[in-house]
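A.B. asks: Input file: coords.pdb. Contents: PDB, C-alpha atoms and all ligand atoms.
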ATOM      1  CA  MET A  30      -3.680 -21.082 -17.095
ATOM      2  CA  ASN A  31      -6.228 -18.855 -18.847
ATOM      3  CA  PRO A  32      -5.604 -15.141 -18.412
ATOM      4  CA  ALA A  33      -7.959 -13.117 -16.201
ATOM      5  CA  VAL A  34      -8.325 -10.553 -18.979
ATOM      6  CA  SER A  35      -7.820 -11.166 -22.670
ATOM      7  CA  VAL A  36      -7.934  -8.320 -25.195
ATOM      8  CA  GLN A  37      -7.543  -9.208 -28.842
ATOM      9  CA  ASN A  38      -7.366  -6.767 -31.741
ATOM     10  CA  VAL A  39      -9.777  -4.376 -30.089
ATOM     11  CA  SER A  40     -10.654  -1.071 -31.726
ATOM     12  CA  LYS A  41     -13.149   1.655 -30.885
ATOM     13  CA  VAL A  42     -14.270   4.234 -33.383
ATOM     14  CA  TYR A  43     -16.481   7.258 -32.692
ATOM     15  CA  GLY A  44     -17.580   8.694 -36.061
ATOM     16  CA  ASP A  45     -14.287   9.121 -37.869
ATOM     17  CA  LEU A  46     -12.272   9.269 -34.628
ATOM     18  CA  GLN A  47     -10.267   6.117 -33.941
ATOM     19  CA  VAL A  48      -9.997   6.192 -30.150
ATOM     20  CA  VAL A  49      -8.590   2.688 -29.618
ATOM     21  CA  ASN A  50      -6.566   1.086 -32.368
ATOM     22  CA  ASN A  51      -6.077  -2.678 -32.585
ATOM     23  CA  LEU A  52      -5.232  -3.258 -28.955
ATOM     24  CA  SER A  53      -4.051  -6.693 -27.780
ATOM     25  CA  PHE A  54      -2.835  -7.733 -24.328
ATOM     26  CA  ASN A  55      -3.541 -10.200 -21.525
ATOM     27  CA  ILE A  56      -3.612  -9.812 -17.771
ATOM     28  CA  ALA A  57      -2.658 -12.870 -15.736
ATOM     29  CA  LYS A  58      -4.611 -13.951 -12.667
ATOM     30  CA  GLY A  59      -3.364 -12.101  -9.600
ATOM     31  CA  GLU A  60      -1.520  -9.505 -11.654
ATOM     32  CA  LEU A  61      -1.663  -5.769 -10.965
ATOM     33  CA  PHE A  62      -1.514  -4.202 -14.415
ATOM     34  CA  GLY A  63      -0.893  -0.478 -14.901
ATOM     35  CA  PHE A  64      -2.221   1.475 -17.852
ATOM     36  CA  LEU A  65      -0.391   4.709 -18.491
ATOM     37  CA  GLY A  66      -0.954   7.292 -21.185
ATOM     38  CA  PRO A  67      -1.349  10.996 -21.896
ATOM     39  CA  ASN A  68      -4.782  12.669 -21.800
ATOM     40  CA  GLY A  69      -7.027  11.357 -24.512
ATOM     41  CA  ALA A  70      -4.888   8.265 -25.187
ATOM     42  CA  GLY A  71      -7.929   6.000 -24.856
ATOM     43  CA  LYS A  72      -7.421   4.583 -21.344
ATOM     44  CA  SER A  73     -10.919   5.287 -20.036
ATOM     45  CA  THR A  74     -12.503   4.080 -23.248
ATOM     46  CA  THR A  75     -10.555   0.825 -22.899
ATOM     47  CA  VAL A  76     -11.652   0.427 -19.281
ATOM     48  CA  ARG A  77     -15.243   1.106 -20.315
ATOM     49  CA  MET A  78     -15.028  -1.625 -22.954
ATOM     50  CA  LEU A  79     -13.436  -4.064 -20.483
ATOM     51  CA  THR A  80     -16.222  -3.405 -17.992
ATOM     52  CA  THR A  81     -19.085  -3.853 -20.500
ATOM     53  CA  LEU A  82     -20.070  -0.162 -20.437
ATOM     54  CA  THR A  83     -18.986   0.540 -24.024
ATOM     55  CA  ARG A  84     -19.126  -1.902 -26.892
ATOM     56  CA  PRO A  85     -15.937  -2.435 -28.917
ATOM     57  CA  SER A  86     -16.211  -1.559 -32.635
ATOM     58  CA  SER A  87     -14.181  -4.696 -33.402
ATOM     59  CA  GLY A  88     -12.075  -7.339 -31.674
ATOM     60  CA  THR A  89     -12.793  -9.550 -28.669
ATOM     61  CA  ILE A  90     -12.503  -9.037 -24.927
ATOM     62  CA  GLU A  91     -12.846 -11.712 -22.285
ATOM     63  CA  VAL A  92     -12.861 -11.046 -18.558
ATOM     64  CA  ALA A  93     -12.814 -14.017 -16.170
ATOM     65  CA  GLY A  94     -13.366 -16.160 -19.269
ATOM     66  CA  TYR A  95     -16.564 -14.347 -20.324
ATOM     67  CA  ASP A  96     -16.998 -12.417 -23.550
ATOM     68  CA  VAL A  97     -17.940  -8.852 -22.585
ATOM     69  CA  VAL A  98     -20.440  -8.541 -25.457
ATOM     70  CA  GLN A  99     -21.929 -12.056 -25.710
ATOM     71  CA  GLN A 100     -21.863 -12.806 -21.970
ATOM     72  CA  ALA A 101     -22.074  -9.288 -20.546
ATOM     73  CA  ARG A 102     -24.095 -10.263 -17.462
ATOM     74  CA  LEU A 103     -21.672 -12.988 -16.405
ATOM     75  CA  ALA A 104     -18.725 -10.727 -17.147
ATOM     76  CA  LYS A 105     -20.279  -7.941 -15.068
ATOM     77  CA  ARG A 106     -20.760 -10.286 -12.134
ATOM     78  CA  SER A 107     -17.055 -11.146 -12.143
ATOM     79  CA  ILE A 108     -15.738  -7.608 -11.996
ATOM     80  CA  GLY A 109     -15.599  -4.672  -9.632
ATOM     81  CA  VAL A 110     -15.332  -1.184 -11.061
ATOM     82  CA  VAL A 111     -14.033   2.037  -9.556
ATOM     83  CA  LEU A 112     -14.553   4.760 -12.132
ATOM     84  CA  GLN A 113     -12.935   8.177 -12.411
ATOM     85  CA  GLN A 114     -16.029  10.090 -11.394
ATOM     86  CA  VAL A 115     -17.076   9.304  -7.859
ATOM     87  CA  SER A 116     -20.109   7.151  -8.575
ATOM     88  CA  VAL A 117     -21.516   6.643  -5.109
ATOM     89  CA  ASP A 118     -24.820   8.298  -4.243
ATOM     90  CA  VAL A 119     -23.911  11.346  -2.163
ATOM     91  CA  ASP A 120     -27.444  11.793  -0.787
ATOM     92  CA  LEU A 121     -27.426   8.353   0.823
ATOM     93  CA  THR A 122     -25.448   7.152   3.816
ATOM     94  CA  VAL A 123     -22.339   5.022   3.527
ATOM     95  CA  TRP A 124     -24.253   1.971   4.689
ATOM     96  CA  GLU A 125     -27.192   2.621   2.292
ATOM     97  CA  ASN A 126     -24.788   2.803  -0.655
ATOM     98  CA  MET A 127     -23.373  -0.575   0.294
ATOM     99  CA  GLU A 128     -26.814  -2.026   0.951
ATOM    100  CA  TYR A 129     -28.204  -1.011  -2.459
ATOM    101  CA  HIS A 130     -25.203  -2.401  -4.263
ATOM    102  CA  GLY A 131     -25.580  -5.663  -2.352
ATOM    103  CA  ARG A 132     -29.275  -5.875  -3.276
ATOM    104  CA  LEU A 133     -28.488  -5.094  -6.898
ATOM    105  CA  HIS A 134     -26.220  -8.125  -6.900
ATOM    106  CA  HIS A 135     -28.839 -10.284  -5.130
ATOM    107  CA  ILE A 136     -26.603 -11.040  -2.164
ATOM    108  CA  PRO A 137     -28.823 -12.690   0.485
ATOM    109  CA  ARG A 138     -29.590 -10.474   3.510
ATOM    110  CA  GLY A 139     -27.493 -12.181   6.216
ATOM    111  CA  GLU A 140     -24.525 -12.593   3.949
ATOM    112  CA  ARG A 141     -24.952  -9.000   2.750
ATOM    113  CA  GLN A 142     -24.806  -7.543   6.275
ATOM    114  CA  GLU A 143     -21.742  -9.612   7.102
ATOM    115  CA  ARG A 144     -19.909  -8.521   3.949
ATOM    116  CA  ILE A 145     -20.883  -4.854   4.309
ATOM    117  CA  ASP A 146     -19.498  -4.854   7.863
ATOM    118  CA  ARG A 147     -16.316  -6.612   6.752
ATOM    119  CA  TRP A 148     -15.538  -4.315   3.822
ATOM    120  CA  LEU A 149     -16.410  -1.106   5.664
ATOM    121  CA  GLU A 150     -14.066  -2.250   8.408
ATOM    122  CA  TYR A 151     -11.436  -3.046   5.795
ATOM    123  CA  VAL A 152     -11.478   0.492   4.324
ATOM    124  CA  GLU A 153     -11.819   2.017   7.817
ATOM    125  CA  LEU A 154     -15.276   3.494   7.333
ATOM    126  CA  THR A 155     -17.107   1.580  10.056
ATOM    127  CA  ASN A 156     -17.471   4.676  12.225
ATOM    128  CA  ARG A 157     -18.931   6.595   9.257
ATOM    129  CA  ARG A 158     -21.482   4.008   8.225
ATOM    130  CA  ASP A 159     -24.493   6.176   9.080
ATOM    131  CA  VAL A 160     -23.305   9.528   7.706
ATOM    132  CA  LEU A 161     -24.338  10.974   4.353
ATOM    133  CA  VAL A 162     -21.724  10.382   1.672
ATOM    134  CA  LYS A 163     -21.715  14.080   0.769
ATOM    135  CA  THR A 164     -20.066  14.801   4.117
ATOM    136  CA  LEU A 165     -17.110  12.473   3.429
ATOM    137  CA  SER A 166     -13.678  13.618   2.244
ATOM    138  CA  GLY A 167     -12.498  12.694  -1.276
ATOM    139  CA  GLY A 168     -10.311   9.900   0.092
ATOM    140  CA  MET A 169     -13.180   8.429   2.113
ATOM    141  CA  LYS A 170     -15.493   8.502  -0.908
ATOM    142  CA  ARG A 171     -12.859   6.656  -2.904
ATOM    143  CA  ARG A 172     -12.476   4.069  -0.134
ATOM    144  CA  LEU A 173     -16.241   3.623  -0.117
ATOM    145  CA  GLN A 174     -16.169   3.076  -3.879
ATOM    146  CA  ILE A 175     -13.547   0.372  -3.384
ATOM    147  CA  ALA A 176     -15.495  -1.286  -0.553
ATOM    148  CA  ARG A 177     -18.627  -1.257  -2.688
ATOM    149  CA  SER A 178     -16.826  -2.665  -5.729
ATOM    150  CA  LEU A 179     -15.663  -5.637  -3.600
ATOM    151  CA  LEU A 180     -19.035  -6.471  -2.090
ATOM    152  CA  HIS A 181     -20.098  -9.018  -4.712
ATOM    153  CA  GLN A 182     -16.695 -10.763  -4.523
ATOM    154  CA  PRO A 183     -15.374  -9.975  -7.991
ATOM    155  CA  ASP A 184     -12.389 -11.777  -9.514
ATOM    156  CA  ILE A 185     -11.043  -8.667 -11.200
ATOM    157  CA  LEU A 186     -11.009  -5.049 -10.128
ATOM    158  CA  PHE A 187     -10.836  -2.185 -12.634
ATOM    159  CA  LEU A 188      -9.749   1.164 -11.246
ATOM    160  CA  ASP A 189      -9.773   4.232 -13.495
ATOM    161  CA  GLU A 190      -7.500   6.864 -11.934
ATOM    162  CA  PRO A 191      -8.462   5.892  -8.382
ATOM    163  CA  THR A 192      -6.084   8.323  -6.687
ATOM    164  CA  VAL A 193      -6.644  11.427  -8.804
ATOM    165  CA  GLY A 194      -7.159  14.535  -6.687
ATOM    166  CA  LEU A 195      -6.162  12.864  -3.416
ATOM    167  CA  ASP A 196      -3.482  14.235  -1.108
ATOM    168  CA  PRO A 197      -0.214  12.230  -0.945
ATOM    169  CA  GLN A 198      -1.027  10.627   2.407
ATOM    170  CA  THR A 199      -4.483   9.466   1.307
ATOM    171  CA  ARG A 200      -3.014   8.244  -1.958
ATOM    172  CA  ARG A 201      -0.490   6.116  -0.047
ATOM    173  CA  ARG A 202      -3.256   4.673   2.120
ATOM    174  CA  LEU A 203      -5.072   3.610  -1.045
ATOM    175  CA  TRP A 204      -1.872   2.075  -2.395
ATOM    176  CA  GLU A 205      -1.623  -0.044   0.748
ATOM    177  CA  ILE A 206      -5.198  -1.222   0.215
ATOM    178  CA  LEU A 207      -4.460  -2.165  -3.405
ATOM    179  CA  LEU A 208      -1.276  -4.018  -2.442
ATOM    180  CA  ASP A 209      -3.158  -5.849   0.277
ATOM    181  CA  LEU A 210      -5.875  -6.872  -2.204
ATOM    182  CA  LYS A 211      -3.127  -8.138  -4.493
ATOM    183  CA  GLN A 212      -1.770 -10.224  -1.609
ATOM    184  CA  GLN A 213      -5.251 -11.710  -1.344
ATOM    185  CA  GLY A 214      -5.006 -12.756  -5.015
ATOM    186  CA  MET A 215      -7.082 -10.020  -6.660
ATOM    187  CA  THR A 216      -6.387  -9.261 -10.317
ATOM    188  CA  MET A 217      -6.376  -5.516 -10.983
ATOM    189  CA  LEU A 218      -6.118  -3.080 -13.830
ATOM    190  CA  LEU A 219      -5.323   0.467 -12.883
ATOM    191  CA  THR A 220      -5.127   3.563 -15.041
ATOM    192  CA  THR A 221      -3.190   6.505 -13.730
ATOM    193  CA  HIS A 222      -1.234   9.615 -14.568
ATOM    194  CA  TYR A 223       1.155   9.111 -11.680
ATOM    195  CA  MET A 224       4.459   7.502 -12.610
ATOM    196  CA  GLU A 225       5.425   6.711  -9.029
ATOM    197  CA  GLU A 226       2.084   4.956  -8.564
ATOM    198  CA  VAL A 227       2.866   2.603 -11.430
ATOM    199  CA  GLU A 228       6.454   2.097 -10.269
ATOM    200  CA  TYR A 229       5.335   1.311  -6.734
ATOM    201  CA  LEU A 230       2.313  -0.862  -7.463
ATOM    202  CA  CYS A 231       2.291  -2.495 -10.841
ATOM    203  CA  ASP A 232       3.680  -5.843 -11.948
ATOM    204  CA  ARG A 233       3.445  -4.876 -15.604
ATOM    205  CA  ILE A 234       2.894  -1.633 -17.427
ATOM    206  CA  GLY A 235       1.154  -0.894 -20.705
ATOM    207  CA  ILE A 236       1.760   2.527 -22.243
ATOM    208  CA  LEU A 237      -1.050   3.733 -24.462
ATOM    209  CA  ASP A 238      -0.691   6.597 -26.920
ATOM    210  CA  SER A 239      -3.255   7.657 -29.525
ATOM    211  CA  GLY A 240      -5.194   4.453 -28.933
ATOM    212  CA  GLN A 241      -2.212   2.164 -29.475
ATOM    213  CA  LEU A 242      -0.195   0.118 -27.038
ATOM    214  CA  ILE A 243       3.314   1.407 -27.628
ATOM    215  CA  GLU A 244       5.040  -0.424 -24.773
ATOM    216  CA  LEU A 245       4.271  -3.414 -22.580
ATOM    217  CA  GLY A 246       6.352  -5.098 -19.906
ATOM    218  CA  THR A 247       7.693  -4.952 -16.372
ATOM    219  CA  LEU A 248       9.522  -1.816 -15.261
ATOM    220  CA  GLU A 249      12.776  -3.816 -15.376
ATOM    221  CA  GLU A 250      12.057  -4.908 -18.949
ATOM    222  CA  LEU A 251      11.204  -1.370 -20.027
ATOM    223  CA  ARG A 252      14.376  -0.002 -18.417
ATOM    224  CA  ARG A 253      16.484  -2.750 -19.979
ATOM    225  CA  ASN A 254      15.000  -2.090 -23.436
ATOM    226  CA  HIS A 255      15.476   1.670 -23.319
ATOM    227  CA  GLY A 256      18.630   1.823 -21.193
ATOM    228  CA  GLU A 257      19.163   1.630 -17.453
ATOM    229  CA  GLY A 258      21.318   4.759 -17.398
ATOM    230  CA  VAL A 259      20.409   8.220 -18.608
ATOM    231  CA  VAL A 260      22.265  11.497 -19.115
ATOM    232  CA  VAL A 261      19.994  14.468 -18.517
ATOM    233  CA  THR A 262      21.140  17.787 -19.956
ATOM    234  CA  HIS A 263      19.597  21.152 -19.117
ATOM    235  CA  THR A 264      19.560  23.150 -22.347
ATOM    236  CA  THR A 265      17.894  26.416 -23.331
ATOM    237  CA  GLU A 266      15.150  24.290 -24.979
ATOM    238  CA  GLY A 267      14.528  22.382 -21.744
ATOM    239  CA  LEU A 268      15.605  18.963 -20.543
ATOM    240  CA  GLN A 269      17.131  16.466 -22.930
ATOM    241  CA  SER A 270      17.663  12.824 -22.075
ATOM    242  CA  GLN A 271      20.006  10.356 -23.639
ATOM    243  CA  PHE A 272      19.791   6.668 -22.701
ATOM    244  CA  PHE A 273      22.743   4.359 -22.057
ATOM    245  CA  PRO A 274      22.791   0.625 -21.334
ATOM    246  CA  ASN A 275      23.715   1.336 -17.700
ATOM    247  CA  LEU A 276      24.704   4.078 -15.271
ATOM    248  CA  GLN A 277      28.407   3.360 -15.708
ATOM    249  CA  ASP A 278      28.184   4.031 -19.456
ATOM    250  CA  ALA A 279      26.192   7.216 -18.795
ATOM    251  CA  ASN A 280      28.906   8.442 -16.386
ATOM    252  CA  HIS A 281      31.610   7.473 -18.861
ATOM    253  CA  TYR A 282      29.882   9.548 -21.545
ATOM    254  CA  ILE A 283      29.805  12.626 -19.286
ATOM    255  CA  ASN A 284      33.463  12.209 -18.359
ATOM    256  CA  GLN A 285      34.388  12.333 -22.038
ATOM    257  CA  GLN A 286      32.663  15.671 -22.626
ATOM    258  CA  GLY A 287      34.745  18.858 -22.662
ATOM    259  CA  ASP A 288      31.879  21.016 -21.402
ATOM    260  CA  ARG A 289      29.778  19.172 -18.824
ATOM    261  CA  THR A 290      27.663  22.152 -17.803
ATOM    262  CA  GLY A 291      24.091  21.153 -16.924
ATOM    263  CA  MET A 292      24.743  17.417 -17.392
ATOM    264  CA  MET A 293      23.818  14.725 -14.931
ATOM    265  CA  ALA A 294      23.944  10.927 -15.084
ATOM    266  CA  ARG A 295      21.463   8.783 -13.144
ATOM    267  CA  GLU A 296      19.451   5.551 -13.256
ATOM    268  CA  SER A 297      16.605   5.791 -15.766
ATOM    269  CA  ASN A 298      13.010   5.786 -14.516
ATOM    270  CA  LEU A 299       9.547   5.316 -15.961
ATOM    271  CA  GLU A 300       9.095   9.032 -16.609
ATOM    272  CA  ASP A 301      12.250   9.119 -18.796
ATOM    273  CA  ILE A 302      10.869   6.218 -20.816
ATOM    274  CA  PHE A 303       7.398   7.729 -21.052
ATOM    275  CA  VAL A 304       8.735  11.051 -22.331
ATOM    276  CA  GLU A 305      11.030   9.289 -24.789
ATOM    277  CA  LEU A 306       8.112   7.251 -26.158
ATOM    278  CA  THR A 307       5.377   9.845 -26.270
ATOM    279  CA  GLY A 308       7.431  13.034 -26.479
ATOM    280  CA  ARG A 309       5.263  14.357 -23.663
ATOM    281  CA  GLN A 310       5.473  15.018 -19.986
ATOM    282  CA  LEU A 311       2.412  13.917 -17.991
ATOM    283  CA  ASP A 312       0.669  16.622 -16.000
TER     284      ASP A 312
HETATM  285  N1  LIG A 401     -18.576   8.875 -26.213
HETATM  286  C1  LIG A 401     -17.612   9.473 -26.944
HETATM  287  N2  LIG A 401     -17.898  10.058 -28.123
HETATM  288  C2  LIG A 401     -16.938  10.642 -28.859
HETATM  289  N3  LIG A 401     -15.627  10.704 -28.501
HETATM  290  C3  LIG A 401     -15.280  10.145 -27.349
HETATM  291  C4  LIG A 401     -16.238   9.497 -26.494
HETATM  292  N4  LIG A 401     -15.590   9.021 -25.409
HETATM  293  C5  LIG A 401     -14.294   9.371 -25.552
HETATM  294  N5  LIG A 401     -14.103  10.041 -26.712
HETATM  295  C6  LIG A 401     -12.808  10.555 -27.203
HETATM  296  O1  LIG A 401     -11.899   9.498 -27.205
HETATM  297  C7  LIG A 401     -10.579   9.954 -26.894
HETATM  298  C8  LIG A 401     -10.008   9.129 -25.767
HETATM  299  O2  LIG A 401     -10.711   9.423 -24.577
HETATM  300  P1  LIG A 401     -10.444   8.633 -23.213
HETATM  301  O3  LIG A 401     -11.293   9.285 -22.181
HETATM  302  O4  LIG A 401     -10.581   7.187 -23.430
HETATM  303  O5  LIG A 401      -8.899   8.964 -22.953
HETATM  304  P2  LIG A 401      -8.053   8.813 -21.637
HETATM  305  O6  LIG A 401      -6.752   8.198 -22.050
HETATM  306  O7  LIG A 401      -8.810   8.107 -20.596
HETATM  307  O8  LIG A 401      -7.828  10.324 -21.223
HETATM  308  P3  LIG A 401      -7.726  10.986 -19.755
HETATM  309  O9  LIG A 401      -6.375  10.620 -19.261
HETATM  310  O10 LIG A 401      -7.853  12.436 -20.070
HETATM  311  O11 LIG A 401      -8.843  10.449 -18.935
HETATM  312  C9  LIG A 401     -10.708  11.441 -26.588
HETATM  313  O12 LIG A 401     -10.344  12.153 -27.762
HETATM  314  C10 LIG A 401     -12.185  11.604 -26.294
HETATM  315  O13 LIG A 401     -12.628  12.893 -26.621
END
Produce structure tokens that represent the structure in this file.
C.D. replies:
Amino acid sequence: MNPAVSVQNVSKVYGDLQVVNNLSFNIAKGELFGFLGPNGAGKSTTVRMLTTLTRPSSGTIEVAGYDVVQQARLAKRSIGVVLQQVSVDVDLTVWENMEYHGRLHHIPRGERQERIDRWLEYVELTNRRDVLVKTLSGGMKRRLQIARSLLHQPDILFLDEPTVGLDPQTRRRLWEILLDLKQQGMTMLLTTHYMEEVEYLCDRIGILDSGQLIELGTLEELRRNHGEGVVVTHTTEGLQSQFFPNLQDANHYINQQGDRTGMMARESNLEDIFVELTGRQLD
């Protein structure tokens, strides 16, 4: 089966700044793929290239089988996009935002009304349909963005930090929506700074650092590769982590130490792996 997204040897250069460096990966149909990386790693630039907004300097990208440069219009029709900045028009009502998007995509009137009703209901904004978007909370605006991105029935949804700035409860509500869309067969790429978001939602994870993909796999694969057990030691220089094949080995290591002050063994998690790979904590 052809992948939903195919990225081959893609680079992006701004002047003499290499922002994305020879990136290659595929996303399978129905997969929820998580893109993780420190600030400035090139995640948004990659999403912009995947969604036809920025042209790659080299390499090829296909979404839903369409080349994003040669067949940009067809590619655009196949994707929904939820960008970092809230991109809905705050001076229009919820319904007007949906209506304009539907017209932009030439969805016939009857069909348009039916879909607008359905998706507003889906994101629980039906009772807000006639209010100005500027009066909505951050979580509601994000839900509206998602509803709008689904209106033209895309095959693939790209979400650039969809839960940034939302309170934990609202974030969880959005997670449920994304998992439900996955159940319905939607392919999704999500960028985020939140480790638990990736752990909870994503089938596979790509870690990007300085424009390069430095890790790719399921959480289980990543943990197996780096070690499923970890010994964390509090030192004067901060936390230090040492990986072991499993928790038993990590415990065994601690038991052999004369001075065990500040040492703790536990199962490794994505954050341990991220810090090991990038040498950085995410904020
Ligand atoms: N249009 C542009 N012109 C010049 N440099 C750019 C442009 N867009 C992005 N960059 C640079 O490319 C690098 C990667 O930016 P990008 O926004 O893709 O990173 P990111 O991983 O999404 O970061 P964040 O997590 O902070 O959103 C940064 O150094 C940024 O300043």
A.B. asks: List the neighbours of Gln277 in chain A out to 9 Å using only C-alpha atoms; skip same-chain residues closer than 5 positions along the sequence, and give me the result as JSON, numbers by chain.
C.D. replies: {"A": [258, 282, 294]}
A.B. asks: Please enumerate the residues selected by the PyMOL selection byres (((not hetatm)) within 9 of (chain A and resi 401)) when evaluated against the supplied file, formatted as a PDB file with C-alpha atoms, in the coordinates of the input.
C.D. replies:
ATOM      1  CA  LYS A  41     -13.149   1.655 -30.885  1.00  0.00           C
ATOM      2  CA  VAL A  42     -14.270   4.234 -33.383  1.00  0.00           C
ATOM      3  CA  TYR A  43     -16.481   7.258 -32.692  1.00  0.00           C
ATOM      4  CA  GLY A  44     -17.580   8.694 -36.061  1.00  0.00           C
ATOM      5  CA  LEU A  46     -12.272   9.269 -34.628  1.00  0.00           C
ATOM      6  CA  GLN A  47     -10.267   6.117 -33.941  1.00  0.00           C
ATOM      7  CA  VAL A  48      -9.997   6.192 -30.150  1.00  0.00           C
ATOM      8  CA  VAL A  49      -8.590   2.688 -29.618  1.00  0.00           C
ATOM      9  CA  LEU A  65      -0.391   4.709 -18.491  1.00  0.00           C
ATOM     10  CA  GLY A  66      -0.954   7.292 -21.185  1.00  0.00           C
ATOM     11  CA  PRO A  67      -1.349  10.996 -21.896  1.00  0.00           C
ATOM     12  CA  ASN A  68      -4.782  12.669 -21.800  1.00  0.00           C
ATOM     13  CA  GLY A  69      -7.027  11.357 -24.512  1.00  0.00           C
ATOM     14  CA  ALA A  70      -4.888   8.265 -25.187  1.00  0.00           C
ATOM     15  CA  GLY A  71      -7.929   6.000 -24.856  1.00  0.00           C
ATOM     16  CA  LYS A  72      -7.421   4.583 -21.344  1.00  0.00           C
ATOM     17  CA  SER A  73     -10.919   5.287 -20.036  1.00  0.00           C
ATOM     18  CA  THR A  74     -12.503   4.080 -23.248  1.00  0.00           C
ATOM     19  CA  THR A  75     -10.555   0.825 -22.899  1.00  0.00           C
ATOM     20  CA  VAL A  76     -11.652   0.427 -19.281  1.00  0.00           C
ATOM     21  CA  ARG A  77     -15.243   1.106 -20.315  1.00  0.00           C
ATOM     22  CA  THR A  83     -18.986   0.540 -24.024  1.00  0.00           C
ATOM     23  CA  GLN A 113     -12.935   8.177 -12.411  1.00  0.00           C
ATOM     24  CA  ASP A 189      -9.773   4.232 -13.495  1.00  0.00           C
ATOM     25  CA  GLU A 190      -7.500   6.864 -11.934  1.00  0.00           C
ATOM     26  CA  THR A 220      -5.127   3.563 -15.041  1.00  0.00           C
ATOM     27  CA  THR A 221      -3.190   6.505 -13.730  1.00  0.00           C
ATOM     28  CA  HIS A 222      -1.234   9.615 -14.568  1.00  0.00           C
ATOM     29  CA  LEU A 237      -1.050   3.733 -24.462  1.00  0.00           C
ATOM     30  CA  ASP A 238      -0.691   6.597 -26.920  1.00  0.00           C
ATOM     31  CA  SER A 239      -3.255   7.657 -29.525  1.00  0.00           C
ATOM     32  CA  GLY A 240      -5.194   4.453 -28.933  1.00  0.00           C
TER      33      GLY A 240
END
A.B. asks: Please expand the PyMOL selection byres (((chain A and resi 52) around 6) and not hetatm) into the concrete residues it hits in this file, giving the result as a list in words.
C.D. replies: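 So the PyMOL selection byres (((chain A and resi 52) around 6) and not hetatm), applied here, picks out Asn38, Val39, Asn50, Asn51 and Ser53 of chain A.
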A.B. asks: Using only C-alpha atoms, please write the residues we just selected to a file, as an mmCIF file, in the frame of the given file.
C.D. replies:
data_model
loop_
_atom_site.group_PDB
_atom_site.id
_atom_site.type_symbol
_atom_site.label_atom_id
_atom_site.label_comp_id
_atom_site.auth_asym_id
_atom_site.auth_seq_id
_atom_site.Cartn_x
_atom_site.Cartn_y
_atom_site.Cartn_z
ATOM 1 C CA ASN A 38 -7.366 -6.767 -31.741
ATOM 2 C CA VAL A 39 -9.777 -4.376 -30.089
ATOM 3 C CA ASN A 50 -6.566 1.086 -32.368
ATOM 4 C CA ASN A 51 -6.077 -2.678 -32.585
ATOM 5 C CA SER A 53 -4.051 -6.693 -27.780
#
A.B. asks: Quick one: residues within 12 Å of Tyr229 in chain A, only C-alpha atoms counted, chain neighbours fewer than 2 positions away excluded, as a PDB file with C-alpha atoms, in the frame of the given file?
C.D. replies:
ATOM      1  CA  LEU A  61      -1.663  -5.769 -10.965  1.00  0.00           C
ATOM      2  CA  PHE A  62      -1.514  -4.202 -14.415  1.00  0.00           C
ATOM      3  CA  GLY A  63      -0.893  -0.478 -14.901  1.00  0.00           C
ATOM      4  CA  ARG A 200      -3.014   8.244  -1.958  1.00  0.00           C
ATOM      5  CA  ARG A 201      -0.490   6.116  -0.047  1.00  0.00           C
ATOM      6  CA  TRP A 204      -1.872   2.075  -2.395  1.00  0.00           C
ATOM      7  CA  GLU A 205      -1.623  -0.044   0.748  1.00  0.00           C
ATOM      8  CA  LEU A 207      -4.460  -2.165  -3.405  1.00  0.00           C
ATOM      9  CA  LEU A 208      -1.276  -4.018  -2.442  1.00  0.00           C
ATOM     10  CA  TYR A 223       1.155   9.111 -11.680  1.00  0.00           C
ATOM     11  CA  MET A 224       4.459   7.502 -12.610  1.00  0.00           C
ATOM     12  CA  GLU A 225       5.425   6.711  -9.029  1.00  0.00           C
ATOM     13  CA  GLU A 226       2.084   4.956  -8.564  1.00  0.00           C
ATOM     14  CA  VAL A 227       2.866   2.603 -11.430  1.00  0.00           C
ATOM     15  CA  CYS A 231       2.291  -2.495 -10.841  1.00  0.00           C
ATOM     16  CA  ASP A 232       3.680  -5.843 -11.948  1.00  0.00           C
ATOM     17  CA  ARG A 233       3.445  -4.876 -15.604  1.00  0.00           C
ATOM     18  CA  ILE A 234       2.894  -1.633 -17.427  1.00  0.00           C
ATOM     19  CA  THR A 247       7.693  -4.952 -16.372  1.00  0.00           C
ATOM     20  CA  LEU A 248       9.522  -1.816 -15.261  1.00  0.00           C
ATOM     21  CA  ASN A 298      13.010   5.786 -14.516  1.00  0.00           C
ATOM     22  CA  LEU A 299       9.547   5.316 -15.961  1.00  0.00           C
TER      23      LEU A 299
END
A.B. asks: Apply the PyMOL selection byres (((chain A and resi 119-133) around 7) and not hetatm) to the file shown and report the selected residues as a PyMOL selection string.
C.D. replies: chain A and resi 117-118+134-136+141+145+157-163+177+180-181
A.B. asks: Would you put the residues from that selection into a file with C-alpha atoms, as a tab-separated table (two decimals), in the coordinates of the input?
C.D. replies:
chain	number	residue	atom	x	y	z
A	117	VAL	CA	-21.52	6.64	-5.11
A	118	ASP	CA	-24.82	8.30	-4.24
A	134	HIS	CA	-26.22	-8.12	-6.90
A	135	HIS	CA	-28.84	-10.28	-5.13
A	136	ILE	CA	-26.60	-11.04	-2.16
A	141	ARG	CA	-24.95	-9.00	2.75
A	145	ILE	CA	-20.88	-4.85	4.31
A	157	ARG	CA	-18.93	6.60	9.26
A	158	ARG	CA	-21.48	4.01	8.22
A	159	ASP	CA	-24.49	6.18	9.08
A	160	VAL	CA	-23.30	9.53	7.71
A	161	LEU	CA	-24.34	10.97	4.35
A	162	VAL	CA	-21.72	10.38	1.67
A	163	LYS	CA	-21.72	14.08	0.77
A	177	ARG	CA	-18.63	-1.26	-2.69
A	180	LEU	CA	-19.04	-6.47	-2.09
A	181	HIS	CA	-20.10	-9.02	-4.71
